[in-house]
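Below is query10.txt, which holds compact mmCIF, C-alpha atoms and all ligand atoms.
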```txt
# COMPACT_ATOMS: atom_id res chain seq x y z
CA MET C 1 5.90 -15.83 1.10
CA HIS C 2 6.45 -19.33 2.30
CA SER C 3 3.35 -20.62 0.63
CA LYS C 4 4.44 -18.97 -2.62
CA GLN C 5 7.87 -20.57 -2.47
CA ASP C 6 6.29 -23.86 -1.65
CA LYS C 7 3.95 -23.46 -4.59
CA MET C 8 6.86 -22.69 -6.92
CA ARG C 9 8.76 -25.65 -5.58
CA ARG C 10 5.76 -27.90 -6.06
CA ARG C 11 5.32 -26.66 -9.63
CA PHE C 12 8.96 -27.33 -10.47
CA ALA C 13 8.78 -30.73 -8.83
CA LEU C 14 5.74 -31.53 -10.94
CA LEU C 15 7.43 -30.23 -14.07
CA ALA C 16 10.58 -32.23 -13.36
CA ALA C 17 8.52 -35.34 -12.63
CA LEU C 18 6.69 -34.97 -15.95
CA LEU C 19 9.93 -34.52 -17.89
CA PHE C 20 11.62 -37.39 -16.12
CA ALA C 21 8.60 -39.58 -16.83
CA THR C 22 8.28 -38.74 -20.55
CA VAL C 23 11.75 -37.85 -21.85
CA PRO C 24 13.50 -41.18 -21.15
CA LEU C 25 10.68 -43.02 -22.94
CA ALA C 26 11.07 -40.93 -26.09
CA THR C 27 14.86 -40.86 -26.14
CA ALA C 28 15.76 -44.07 -24.33
CA GLN C 29 18.02 -45.24 -27.19
CA GLN C 30 20.45 -42.36 -27.31
CA ALA C 31 20.04 -40.67 -23.94
CA PRO C 32 22.88 -40.99 -21.43
CA ALA C 33 21.86 -41.19 -17.80
CA ASN C 34 22.05 -37.44 -17.03
CA THR C 35 20.35 -36.06 -20.12
CA SER C 36 16.90 -35.91 -18.63
CA SER C 37 18.00 -33.37 -16.02
CA GLN C 38 19.85 -31.31 -18.64
CA ARG C 39 16.77 -31.41 -20.79
CA ALA C 40 14.62 -30.33 -17.88
CA SER C 41 16.64 -27.15 -17.41
CA ALA C 42 16.99 -26.50 -21.13
CA ASP C 43 13.25 -26.80 -21.55
CA ALA C 44 12.45 -24.67 -18.51
CA PRO C 45 12.25 -21.25 -20.24
CA ALA C 46 9.60 -22.53 -22.63
CA VAL C 47 7.30 -23.22 -19.68
CA PRO C 48 5.51 -20.14 -18.25
CA THR C 49 7.47 -18.91 -15.23
CA PRO C 50 5.26 -19.03 -12.13
CA MET C 51 6.48 -15.62 -10.85
CA PRO C 52 8.81 -12.96 -12.30
CA ARG C 53 12.00 -12.52 -10.32
CA ALA C 54 11.05 -9.02 -9.12
CA ALA C 55 7.83 -10.35 -7.64
CA ALA C 56 9.68 -12.39 -5.05
CA LYS C 57 9.37 -9.44 -2.65
CA ARG C 58 6.11 -7.94 -1.49
CA LEU C 59 5.80 -4.28 -2.44
CA ILE C 60 4.72 -1.57 -0.01
CA VAL C 61 4.28 1.95 -1.38
CA ILE C 62 4.31 4.65 1.30
CA ASP C 63 2.79 7.97 0.34
CA ALA C 64 3.61 10.96 2.55
CA GLY C 65 0.68 13.35 2.09
CA HIS C 66 1.15 16.82 0.53
CA GLY C 67 4.62 18.38 0.04
CA GLY C 68 6.35 21.27 -1.69
CA VAL C 69 4.01 24.23 -2.23
CA ASP C 70 1.17 22.20 -0.67
CA PRO C 71 1.63 22.38 3.11
CA GLY C 72 -1.54 20.41 3.88
CA ALA C 73 -3.34 21.37 7.09
CA ARG C 74 -1.70 23.55 9.76
CA GLY C 75 -1.71 23.14 13.51
CA PRO C 76 -2.36 25.94 16.04
CA SER C 77 1.39 26.36 16.58
CA GLY C 78 2.09 26.48 12.83
CA ILE C 79 3.15 22.85 12.33
CA ARG C 80 2.57 21.80 8.72
CA GLU C 81 0.93 18.50 7.85
CA LYS C 82 3.40 17.86 5.00
CA ASP C 83 6.34 17.79 7.45
CA VAL C 84 4.67 15.38 9.86
CA THR C 85 3.51 13.01 7.09
CA LEU C 86 7.06 12.88 5.71
CA ALA C 87 8.60 12.25 9.14
CA VAL C 88 6.22 9.35 9.87
CA ALA C 89 6.61 7.96 6.32
CA GLN C 90 10.41 7.97 6.64
CA ARG C 91 10.23 6.23 10.01
CA LEU C 92 7.90 3.63 8.58
CA ALA C 93 10.13 3.05 5.55
CA ALA C 94 13.16 2.61 7.81
CA ILE C 95 11.35 -0.01 9.89
CA LEU C 96 10.07 -1.92 6.86
CA ARG C 97 13.45 -1.87 5.10
CA GLN C 98 14.83 -4.09 7.87
CA ASP C 99 12.68 -6.85 6.40
CA PRO C 100 14.48 -8.26 3.32
CA THR C 101 11.25 -9.81 2.03
CA LEU C 102 9.74 -6.36 1.45
CA GLU C 103 10.34 -3.90 -1.39
CA VAL C 104 9.73 -0.46 0.13
CA ARG C 105 9.02 2.56 -2.09
CA MET C 106 8.12 6.12 -1.20
CA THR C 107 6.21 8.42 -3.55
CA ARG C 108 8.28 11.23 -2.03
CA ASP C 109 11.20 11.20 0.39
CA ARG C 110 11.71 14.95 0.44
CA ASP C 111 9.71 18.16 0.55
CA THR C 112 8.32 18.15 -2.97
CA LEU C 113 4.88 18.27 -4.58
CA ILE C 114 3.64 15.18 -6.39
CA ALA C 115 0.31 15.35 -8.22
CA LEU C 116 -2.35 13.19 -6.55
CA ASN C 117 -2.93 11.09 -9.66
CA ASP C 118 0.79 10.48 -10.11
CA ARG C 119 1.10 8.83 -6.70
CA THR C 120 -0.92 5.74 -7.59
CA ARG C 121 0.49 5.81 -11.11
CA MET C 122 3.97 5.45 -9.60
CA ALA C 123 2.75 2.61 -7.39
CA ASN C 124 1.26 0.73 -10.34
CA ARG C 125 4.47 1.20 -12.31
CA TRP C 126 6.62 -0.14 -9.47
CA ARG C 127 4.49 -3.23 -9.10
CA ALA C 128 5.66 -6.24 -11.09
CA GLU C 129 3.07 -8.53 -12.64
CA GLY C 130 1.48 -10.64 -9.94
CA GLN C 131 3.47 -9.00 -7.14
CA PRO C 132 1.58 -8.64 -3.84
CA ALA C 133 1.44 -4.91 -3.09
CA LEU C 134 -0.06 -2.31 -0.76
CA PHE C 135 -0.44 1.48 -1.00
CA MET C 136 -0.64 3.61 2.16
CA SER C 137 -1.18 7.36 2.11
CA ILE C 138 -0.36 9.10 5.42
CA HIS C 139 -2.19 12.26 6.52
CA MET C 140 -3.31 14.38 9.45
CA ASN C 141 -6.91 15.44 9.81
CA ALA C 142 -8.14 19.02 10.28
CA SER C 143 -11.34 20.56 11.55
CA ASP C 144 -12.79 23.96 12.40
CA HIS C 145 -13.81 22.36 15.68
CA LYS C 146 -10.60 22.65 17.65
CA SER C 147 -11.69 19.88 20.00
CA ALA C 148 -12.03 17.28 17.20
CA HIS C 149 -9.53 14.46 17.72
CA GLY C 150 -8.89 10.80 17.03
CA PHE C 151 -7.71 8.61 14.15
CA GLU C 152 -9.44 7.05 11.17
CA THR C 153 -8.56 5.06 8.04
CA PHE C 154 -10.25 5.48 4.66
CA PHE C 155 -10.52 3.34 1.59
CA LEU C 156 -11.77 4.52 -1.78
CA SER C 157 -15.49 4.38 -2.36
CA GLU C 158 -18.37 6.79 -2.41
CA ALA C 159 -18.62 8.79 0.80
CA LYS C 160 -21.34 7.53 3.12
CA THR C 161 -21.37 10.50 5.51
CA GLU C 162 -20.97 14.27 5.39
CA ASP C 163 -17.87 14.01 7.57
CA ALA C 164 -16.21 11.48 5.24
CA ARG C 165 -16.99 13.76 2.30
CA ARG C 166 -15.46 16.68 4.20
CA VAL C 167 -12.17 14.78 4.70
CA ALA C 168 -12.03 13.76 1.02
CA ASP C 169 -12.76 17.32 -0.13
CA MET C 170 -10.01 18.60 2.15
CA GLU C 171 -7.42 16.08 0.90
CA ASN C 172 -8.50 16.44 -2.73
CA ALA C 173 -8.03 20.21 -2.47
CA ALA C 174 -4.30 19.54 -2.93
CA GLN C 175 -5.14 19.50 -6.64
CA ARG C 176 -5.32 23.28 -6.62
CA TYR C 177 -1.50 23.26 -6.54
CA GLU C 178 -1.29 21.07 -9.62
CA THR C 179 -1.01 22.70 -13.02
CA GLU C 180 -2.58 19.83 -14.95
CA ALA C 181 -5.11 18.49 -12.47
CA PRO C 182 -8.21 17.09 -14.15
CA LYS C 183 -11.18 19.44 -13.93
CA LEU C 184 -13.50 16.48 -13.37
CA ASP C 185 -15.36 15.91 -10.15
CA PRO C 186 -13.28 13.10 -8.60
CA LEU C 187 -16.38 11.05 -7.84
CA SER C 188 -17.34 11.04 -11.49
CA PHE C 189 -14.39 8.90 -12.45
CA ILE C 190 -13.66 6.73 -9.44
CA LEU C 191 -14.43 3.07 -9.31
CA HIS C 192 -15.17 2.66 -12.99
CA ASP C 193 -12.22 0.39 -13.34
CA LEU C 194 -12.90 -3.24 -12.53
CA ARG C 195 -9.25 -3.92 -11.85
CA GLN C 196 -9.49 -1.44 -9.01
CA ASN C 197 -12.88 -2.57 -7.73
CA LYS C 198 -11.58 -5.99 -6.87
CA TYR C 199 -9.31 -4.51 -4.20
CA LEU C 200 -12.12 -2.75 -2.32
CA ARG C 201 -12.77 -5.59 0.10
CA ASP C 202 -9.03 -6.05 0.73
CA SER C 203 -8.62 -2.31 1.30
CA SER C 204 -11.47 -2.30 3.79
CA ASP C 205 -10.05 -5.34 5.64
CA TRP C 206 -6.60 -3.74 5.76
CA ALA C 207 -8.06 -0.45 7.03
CA ALA C 208 -9.60 -2.36 9.94
CA MET C 209 -6.21 -3.94 10.76
CA ILE C 210 -4.60 -0.47 10.75
CA GLN C 211 -7.25 0.91 13.09
CA ARG C 212 -6.71 -2.02 15.47
CA ARG C 213 -2.93 -1.45 15.54
CA LEU C 214 -3.19 2.32 16.00
CA ALA C 215 -5.71 1.83 18.82
CA GLU C 216 -2.95 0.07 20.80
CA VAL C 217 -0.92 3.30 21.07
CA HIS C 218 -3.30 6.16 20.24
CA SER C 219 -5.18 8.10 22.93
CA GLY C 220 -8.18 7.98 20.60
CA PRO C 221 -10.96 7.99 19.93
CA ASN C 222 -10.92 5.29 17.28
CA ARG C 223 -13.11 6.94 14.62
CA GLY C 224 -13.17 3.73 12.61
CA VAL C 225 -12.89 2.64 8.99
CA LYS C 226 -14.54 5.00 6.53
CA GLN C 227 -14.92 5.41 2.81
CA ALA C 228 -14.80 8.42 0.52
CA GLY C 229 -13.70 9.55 -2.92
CA PHE C 230 -10.01 10.29 -2.50
CA VAL C 231 -8.21 11.20 -5.70
CA VAL C 232 -4.92 9.96 -4.21
CA LEU C 233 -6.36 6.42 -3.88
CA ASN C 234 -7.98 6.42 -7.29
CA GLY C 235 -6.47 4.11 -9.88
CA ALA C 236 -4.40 1.95 -7.51
CA TYR C 237 -4.32 -1.65 -8.68
CA MET C 238 -3.61 -2.90 -5.18
CA PRO C 239 -5.25 -2.50 -1.76
CA ALA C 240 -4.98 1.21 -0.94
CA VAL C 241 -5.83 3.23 2.16
CA LEU C 242 -5.48 6.75 3.50
CA VAL C 243 -4.66 7.02 7.22
CA GLU C 244 -5.56 10.14 9.22
CA LEU C 245 -3.25 9.77 12.23
CA GLY C 246 -4.90 12.52 14.25
CA PHE C 247 -6.15 16.12 14.09
CA ILE C 248 -3.31 18.57 13.58
CA THR C 249 -5.83 21.32 14.42
CA ASN C 250 -6.20 19.94 17.95
CA ALA C 251 -3.46 21.40 20.17
CA GLN C 252 -2.86 18.16 22.12
CA GLU C 253 -2.79 16.00 19.03
CA GLU C 254 -0.56 18.47 17.19
CA LYS C 255 1.92 18.12 20.02
CA LYS C 256 1.79 14.33 19.89
CA LEU C 257 2.07 14.21 16.10
CA THR C 258 5.26 16.26 16.19
CA ASP C 259 6.82 14.25 19.01
CA ARG C 260 9.56 11.99 17.60
CA GLU C 261 8.81 9.19 20.06
CA GLN C 262 5.13 9.26 19.20
CA GLN C 263 5.91 9.34 15.47
CA ALA C 264 8.07 6.25 15.90
CA ARG C 265 5.26 4.55 17.82
CA PHE C 266 2.77 5.29 15.05
CA ALA C 267 5.23 4.10 12.40
CA ARG C 268 5.79 0.83 14.29
CA GLN C 269 2.05 0.19 14.48
CA LEU C 270 1.61 0.95 10.77
CA ALA C 271 4.43 -1.51 10.01
CA ARG C 272 2.68 -4.13 12.13
CA ALA C 273 -0.58 -3.53 10.27
CA ILE C 274 1.27 -4.04 6.97
CA ASN C 275 2.65 -7.34 8.25
CA ASP C 276 -0.80 -8.28 9.54
CA TYR C 277 -2.19 -7.80 6.06
CA PHE C 278 0.53 -9.72 4.24
CA GLU C 279 0.22 -12.60 6.71
CA HIS C 280 -3.54 -12.59 6.27
CA SER C 281 -3.23 -12.50 2.48
CA ALA C 282 -0.60 -15.25 2.44
CA ARG C 283 -3.27 -17.39 4.08
CA THR C 284 -6.07 -16.37 1.74
CA ALA C 285 -3.99 -15.47 -1.37
CA ALA C 286 -6.30 -12.47 -1.69
CA VAL C 287 -3.61 -9.95 -2.56
CA ARG C 288 -2.78 -11.51 -5.92
CA ARG C 289 -4.32 -10.40 -9.12
ZN ZN E 301 -3.74 15.55 4.16
```
Can the structure in the file be given as C-alpha cells, please?
Amino acid sequence: MHSKQDKMRRRFALLAALLFATVPLATAQQAPANTSSQRASADAPAVPTPMPRAAAKRLIVIDAGHGGVDPGARGPSGIREKDVTLAVAQRLAAILRQDPTLEVRMTRDRDTLIALNDRTRMANRWRAEGQPALFMSIHMNASDHKSAHGFETFFLSEAKTEDARRVADMENAAQRYETEAPKLDPLSFILHDLRQNKYLRDSSDWAAMIQRRLAEVHSGPNRGVKQAGFVVLNGAYMPAVLVELGFITNAQEEKKLTDREQQARFARQLARAINDYFEHSARTAAVRR
C-alpha cells in the first residue's frame, strides 16, 4: 500500500517536473507565473493513470463453501459443513472490514447455493484492473475414517496424491446440485489459462502462510499445503486457495468447529494470513498482474 502510494507520488512528481521543465520554455512569452501548474493538471487526464481509483484498496474475496440445497459434509451430531463455513466466513469478513485499506467481498453471506464456477467469476468481476486481490474458499474436510483430523490448505493444480484427489472429488461433487454444471472432467480444463497459471506460485506461498497461522491455534496435525483440481478455484485471476479447517466427521473436531470461540480464533488467524500475504506481496510486488 505504502509503496504503491509512494510510487504514484513519485510518478506525479516526475510528471510535474517534466511539465515544469518543458512548458515554460515553449510558452515563456505569454505564460503567467501560475500557468505551468494549471497546465499540469489540465494535461493530467491525457497521461495514463497509474492506478484506477477502485484499485486503491486490496480486494479479498471470501468464499463460504457449499450452501442452500448443498449441505456439504455432515458431522456425527448432524452439523452441516455449509453452516460452519458461513459462520467462519462472516467472522473473517467482520475482522477484515475493520481495515479501511481492504475491500472485502463474500460470494455468499446467507444460506444459498452458488455454482462453483460462478464463485471465481464473481471474484474476477469484482477485481479492478491491476488491483491486488486474493480468493479464499473455506471448507471442512470429511472422511470415512472417523479418527481422521487436522487442517490443510490447497491450491489449484493437478493432484499429487490419492488423498488430495479424494478431497477435490468430494468438494467438486457440489456440482451435482447445479443445473448447468459443465459435464467436463474438471481436470481436463484447469490450468489451460496462462493468466491463471501465473498465480500458482503465489497461491502456494499464501497456502503456506495460512498453514503457519492456523498451526498457532489448531490442535493439529498440520497436514500441510497440497494441490488438487478444485473447480471452485478454477479460473481465478488472483492467488486462490481452499482451506480445510478440520474434519467435521471427527467428533472432537466437529465440536471445535461449531464452537463460536474457536470459530473466531480460526477467523483471526485467517485474517492474519491474509495480512501476511499482502505485506509479503507489497515487498515483492508479486500480487500485481
Ligand atoms: Zn466443502
Write as JSON, numbers by chain the residues around ligand ZN 301 (chain E), taking 8 Å as the cut-off and counting all atoms listed in the file. {"C": [65, 66, 72, 73, 81, 82, 138, 139, 140, 141, 170, 171, 244]}
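Proximity of C:Arg268, C:Arg260, C:Arg213, C:Arg119 to C:Ala236, computed with all atoms listed in the file, is greatest for C:Arg119.
Here atom CA of C:Ala56 and atom CA of C:Ala123 stand 16.7 Å from one another.
Around C:Phe135, within 8 Å and counting only C-alpha atoms, the residues found are Ile60, Val61, Ile62, Asp63, Thr120, Ala123, Ala236, Met238, Pro239, Ala240 and Val241 of chain C, once anything fewer than 4 positions away on its own chain is removed.
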Env of C:Arg74: 7 Å cut, atoms = only C-alpha atoms, seq-sep filter 5 positions within chain, self excluded. Answer as a VMD selection string. chain C and resid 79 to 81 248 to 249
Between atom CA of C:Arg121 and atom CA of C:Gln175, what is the distance, to one decimal in Å? 15.5 Å
Given all atoms listed in the file as the counted atoms, nearest of C:Glu216, C:Asp205, C:Glu158, C:Glu178 to C:Asn234: C:Glu158
Restricting the calculation to all atoms listed in the file, which member of C:Leu156, C:Ala87, C:Val231, C:Ala271 is positioned closest to C:Ala115? C:Val231
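Ranking C:Asn197, C:Thr258, C:Thr112, C:Thr107 by their shortest atom-to-atom distance to C:Pro71, with only C-alpha atoms included, puts C:Thr112 first.
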If we draw a sphere of 12 Å around (-9.0, -2.0, 16.0), which residues have at least one atom in it when counting only C-alpha atoms? Please report them as number ranges by chain. C: 151-153, 205-218, 220-225, 269, 273
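Among the candidates C:Gln196, C:Asn275, C:Gln90, C:Asn172, the one nearest to C:Leu116 when counting all atoms listed in the file is C:Asn172.
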For the point (13.2, -2.0, 6.6) in file coordinates, what residues are within 12 Å, counting only C-alpha atoms? Give the answer as a VMD selection string? chain C and resid 59 to 60 89 to 105 267 to 268 271 275
Residue subset to file, keeping C-alpha atoms, as an mmCIF file, in the coordinates of the input:
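That gives us again.cif:
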```
data_model
loop_
_atom_site.group_PDB
_atom_site.id
_atom_site.type_symbol
_atom_site.label_atom_id
_atom_site.label_comp_id
_atom_site.auth_asym_id
_atom_site.auth_seq_id
_atom_site.Cartn_x
_atom_site.Cartn_y
_atom_site.Cartn_z
ATOM 1 C CA LEU C 59 5.800 -4.280 -2.440
ATOM 2 C CA ILE C 60 4.720 -1.570 -0.010
ATOM 3 C CA ALA C 89 6.610 7.960 6.320
ATOM 4 C CA GLN C 90 10.410 7.970 6.640
ATOM 5 C CA ARG C 91 10.230 6.230 10.010
ATOM 6 C CA LEU C 92 7.900 3.630 8.580
ATOM 7 C CA ALA C 93 10.130 3.050 5.550
ATOM 8 C CA ALA C 94 13.160 2.610 7.810
ATOM 9 C CA ILE C 95 11.350 -0.010 9.890
ATOM 10 C CA LEU C 96 10.070 -1.920 6.860
ATOM 11 C CA ARG C 97 13.450 -1.870 5.100
ATOM 12 C CA GLN C 98 14.830 -4.090 7.870
ATOM 13 C CA ASP C 99 12.680 -6.850 6.400
ATOM 14 C CA PRO C 100 14.480 -8.260 3.320
ATOM 15 C CA THR C 101 11.250 -9.810 2.030
ATOM 16 C CA LEU C 102 9.740 -6.360 1.450
ATOM 17 C CA GLU C 103 10.340 -3.900 -1.390
ATOM 18 C CA VAL C 104 9.730 -0.460 0.130
ATOM 19 C CA ARG C 105 9.020 2.560 -2.090
ATOM 20 C CA ALA C 267 5.230 4.100 12.400
ATOM 21 C CA ARG C 268 5.790 0.830 14.290
ATOM 22 C CA ALA C 271 4.430 -1.510 10.010
ATOM 23 C CA ASN C 275 2.650 -7.340 8.250
#
```
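Between atom CA of C:Ser157 and atom CA of C:Lys57 there is a distance of 28.4 Å.
Distances to C:Ala148 were evaluated for C:Ser219, C:Thr85, C:Asn250, C:Thr284 using only C-alpha atoms, and the minimum falls at C:Asn250.
Residues in contact range of C:Phe230, defined as at most 9 Å between only C-alpha atoms, with sequence neighbours fewer than 2 positions away removed, read Phe154, Phe155, Leu156, Ser157, Val167, Ala168, Asp169, Glu171, Asn172, Pro186, Leu187, Ile190, Gln227, Ala228, Val232, Leu233, Asn234 and Leu242 of chain C.
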Find the residues around C:Asp70 up to 7 Å (only C-alpha atoms counted), leave out those fewer than 3 positions away in its own chain, and share them as an mmCIF file with C-alpha atoms, keeping the file's coordinate frame.
```cif
data_model
loop_
_atom_site.group_PDB
_atom_site.id
_atom_site.type_symbol
_atom_site.label_atom_id
_atom_site.label_comp_id
_atom_site.auth_asym_id
_atom_site.auth_seq_id
_atom_site.Cartn_x
_atom_site.Cartn_y
_atom_site.Cartn_z
ATOM 1 C CA HIS C 66 1.150 16.820 0.530
ATOM 2 C CA GLY C 67 4.620 18.380 0.040
ATOM 3 C CA LEU C 113 4.880 18.270 -4.580
ATOM 4 C CA ALA C 174 -4.300 19.540 -2.930
ATOM 5 C CA TYR C 177 -1.500 23.260 -6.540
#
```
